[in-house]
Amino acid sequence: MTLGAAHPHALAAVMPGRRAVWEAMVRRHGLRPHAYEEVVRSWEFLDFTLRHGETRPRHSIMSTVKARQHGFGDCTDSEAMFRRQFRELQAERILPPNPALPATGAGVA
């Protein structure tokens with residue numbers, strides 16, 4: 001399948017009206033019934049995290065030196081971490097199964 005053009009939307013504007021879609025997914029996939037507001041507490045925060053509407057990079061100066069000096073030397077692969085968390089949420093029947101999400105594979109912990 002060919003990817004289409006991007007259609008950015010502010011989740012805070014779109015998602016509050018999608019409660020019925022979530023409830024239908026819960027029924028169809030036999031998920032544990034969590035209130036819609038429990039699944040994502042703040043669409044505004046998710047918009048901020050995903051940088052919706054921002055065209056320039058944020059200014060940030062970060063260093064991990066101090067954390068490493070205090071014993072926090074571990075590193076987590078973000079993609080592997082998200083895959084693991086999605087699998088856990090699927091196993092707990094909070095998210096529906098996704099056949100496109102491999103159980104194991106390169107870069108997956």
# chains A, B, ... in the order shown; residues from 1 in each chain; ligands from 1

call {"tool": "residues_around", "arguments": {"residues": "Gly17 in chain A", "least_positions_apart": "6", "cutoff": "12 Å", "atoms": "only C-alpha atoms", "output": "list in words"}}
result
Leu11, Glu23, Tyr36, Glu37 and Trp43 of chain A

call {"tool": "residues_around", "arguments": {"residues": "Gly53 in chain A", "least_positions_apart": "5", "cutoff": "12 Å", "atoms": "only C-alpha atoms", "output": "MDAnalysis selection string"}}
result
chainID A and resid 7:11 44 47:48

call {"tool": "write_last_selection", "arguments": {"atoms": "C-alpha atoms", "output": "PDB file, in the first residue's frame"}}
result
ATOM      1  CA  HIS A   7      -3.121  15.254   7.087  1.00  0.00           C
ATOM      2  CA  PRO A   8      -2.041  16.737  10.420  1.00  0.00           C
ATOM      3  CA  HIS A   9      -4.799  17.282  12.962  1.00  0.00           C
ATOM      4  CA  ALA A  10      -4.671  18.566  16.506  1.00  0.00           C
ATOM      5  CA  LEU A  11      -5.616  15.500  18.540  1.00  0.00           C
ATOM      6  CA  GLU A  44      -3.219  18.507  24.519  1.00  0.00           C
ATOM      7  CA  ASP A  47      -0.127  17.230  20.743  1.00  0.00           C
ATOM      8  CA  PHE A  48       2.714  19.000  22.587  1.00  0.00           C
TER       9      PHE A  48
END

call {"tool": "select_by_dssp", "arguments": {"residues": "chain A", "states": "helix (DSSP H, G or I)", "output": "JSON, numbers by chain"}}
result
{"A": [11, 12, 13, 14, 15, 16, 17, 18, 19, 20, 21, 22, 23, 24, 25, 26, 27, 28, 29, 36, 37, 38, 39, 43, 44, 45, 46, 47, 48, 49, 65, 66, 67, 68, 69, 78, 79, 80, 81, 82, 83, 84, 85, 86, 87, 88, 89, 90, 91]}

call {"tool": "write_last_selection", "arguments": {"atoms": "C-alpha atoms", "output": "PDB file, in the first residue's frame"}}
result
ATOM      1  CA  LEU A  11      -5.616  15.500  18.540  1.00  0.00           C
ATOM      2  CA  ALA A  12      -7.074  17.782  21.221  1.00  0.00           C
ATOM      3  CA  ALA A  13      -9.598  19.009  18.641  1.00  0.00           C
ATOM      4  CA  VAL A  14     -10.386  15.659  16.997  1.00  0.00           C
ATOM      5  CA  MET A  15     -10.178  12.916  19.620  1.00  0.00           C
ATOM      6  CA  PRO A  16     -12.732  14.051  22.239  1.00  0.00           C
ATOM      7  CA  GLY A  17     -15.461  13.294  19.686  1.00  0.00           C
ATOM      8  CA  ARG A  18     -14.186   9.743  19.098  1.00  0.00           C
ATOM      9  CA  ARG A  19     -15.492   8.123  22.298  1.00  0.00           C
ATOM     10  CA  ALA A  20     -17.986   5.956  20.370  1.00  0.00           C
ATOM     11  CA  VAL A  21     -15.174   4.617  18.145  1.00  0.00           C
ATOM     12  CA  TRP A  22     -13.164   3.587  21.223  1.00  0.00           C
ATOM     13  CA  GLU A  23     -16.196   1.948  22.847  1.00  0.00           C
ATOM     14  CA  ALA A  24     -16.902   0.004  19.622  1.00  0.00           C
ATOM     15  CA  MET A  25     -13.277  -1.224  19.555  1.00  0.00           C
ATOM     16  CA  VAL A  26     -13.575  -2.359  23.175  1.00  0.00           C
ATOM     17  CA  ARG A  27     -16.681  -4.412  22.309  1.00  0.00           C
ATOM     18  CA  ARG A  28     -15.350  -5.792  19.001  1.00  0.00           C
ATOM     19  CA  HIS A  29     -12.014  -6.947  20.452  1.00  0.00           C
ATOM     20  CA  TYR A  36     -12.005   6.795  27.231  1.00  0.00           C
ATOM     21  CA  GLU A  37     -10.445   9.441  29.488  1.00  0.00           C
ATOM     22  CA  GLU A  38      -8.302   6.756  31.198  1.00  0.00           C
ATOM     23  CA  VAL A  39      -6.651   5.687  27.950  1.00  0.00           C
ATOM     24  CA  TRP A  43      -4.764  15.039  24.132  1.00  0.00           C
ATOM     25  CA  GLU A  44      -3.219  18.507  24.519  1.00  0.00           C
ATOM     26  CA  PHE A  45      -0.125  16.984  26.112  1.00  0.00           C
ATOM     27  CA  LEU A  46       0.107  14.419  23.312  1.00  0.00           C
ATOM     28  CA  ASP A  47      -0.127  17.230  20.743  1.00  0.00           C
ATOM     29  CA  PHE A  48       2.714  19.000  22.587  1.00  0.00           C
ATOM     30  CA  THR A  49       4.791  15.818  22.744  1.00  0.00           C
ATOM     31  CA  VAL A  65      26.745  13.376  31.697  1.00  0.00           C
ATOM     32  CA  LYS A  66      25.391  14.106  35.195  1.00  0.00           C
ATOM     33  CA  ALA A  67      22.985  11.154  35.040  1.00  0.00           C
ATOM     34  CA  ARG A  68      25.788   8.833  33.913  1.00  0.00           C
ATOM     35  CA  GLN A  69      28.078  10.171  36.673  1.00  0.00           C
ATOM     36  CA  SER A  78      12.930   3.698  22.026  1.00  0.00           C
ATOM     37  CA  GLU A  79      11.391   1.594  19.245  1.00  0.00           C
ATOM     38  CA  ALA A  80      11.969  -1.646  21.156  1.00  0.00           C
ATOM     39  CA  MET A  81      10.519  -0.080  24.322  1.00  0.00           C
ATOM     40  CA  PHE A  82       7.351   1.090  22.539  1.00  0.00           C
ATOM     41  CA  ARG A  83       6.898  -2.304  20.854  1.00  0.00           C
ATOM     42  CA  ARG A  84       7.273  -4.042  24.228  1.00  0.00           C
ATOM     43  CA  GLN A  85       4.791  -1.677  25.886  1.00  0.00           C
ATOM     44  CA  PHE A  86       2.252  -2.075  23.068  1.00  0.00           C
ATOM     45  CA  ARG A  87       2.562  -5.884  23.324  1.00  0.00           C
ATOM     46  CA  GLU A  88       2.027  -5.660  27.105  1.00  0.00           C
ATOM     47  CA  LEU A  89      -1.054  -3.440  26.657  1.00  0.00           C
ATOM     48  CA  GLN A  90      -2.383  -5.922  24.087  1.00  0.00           C
ATOM     49  CA  ALA A  91      -1.731  -8.869  26.428  1.00  0.00           C
TER      50      ALA A  91
END

call {"tool": "atom_distance", "arguments": {"atom1": "CA of Pro33 in chain A", "atom2": "CA of Arg93 in chain A"}}
result
9.0 Å

call {"tool": "decode", "arguments": {"residues": "range 38-59 of chain A", "atoms": "C-alpha atoms", "output": "compact mmCIF listing (two decimals), in the first residue's frame"}}
result
# COMPACT_ATOMS: atom_id res chain seq x y z
CA GLU A 38 -8.30 6.76 31.20
CA VAL A 39 -6.65 5.69 27.95
CA VAL A 40 -5.21 9.13 27.14
CA ARG A 41 -5.49 11.65 29.95
CA SER A 42 -4.53 14.71 27.90
CA TRP A 43 -4.76 15.04 24.13
CA GLU A 44 -3.22 18.51 24.52
CA PHE A 45 -0.13 16.98 26.11
CA LEU A 46 0.11 14.42 23.31
CA ASP A 47 -0.13 17.23 20.74
CA PHE A 48 2.71 19.00 22.59
CA THR A 49 4.79 15.82 22.74
CA LEU A 50 4.27 15.10 19.04
CA ARG A 51 5.00 18.77 18.24
CA HIS A 52 1.71 19.37 16.41
CA GLY A 53 1.73 22.70 14.61
CA GLU A 54 5.39 23.43 15.29
CA THR A 55 7.49 24.31 12.28
CA ARG A 56 10.79 25.09 13.99
CA PRO A 57 12.79 22.87 16.32
CA ARG A 58 12.53 23.52 20.03
CA HIS A 59 15.56 24.98 21.71
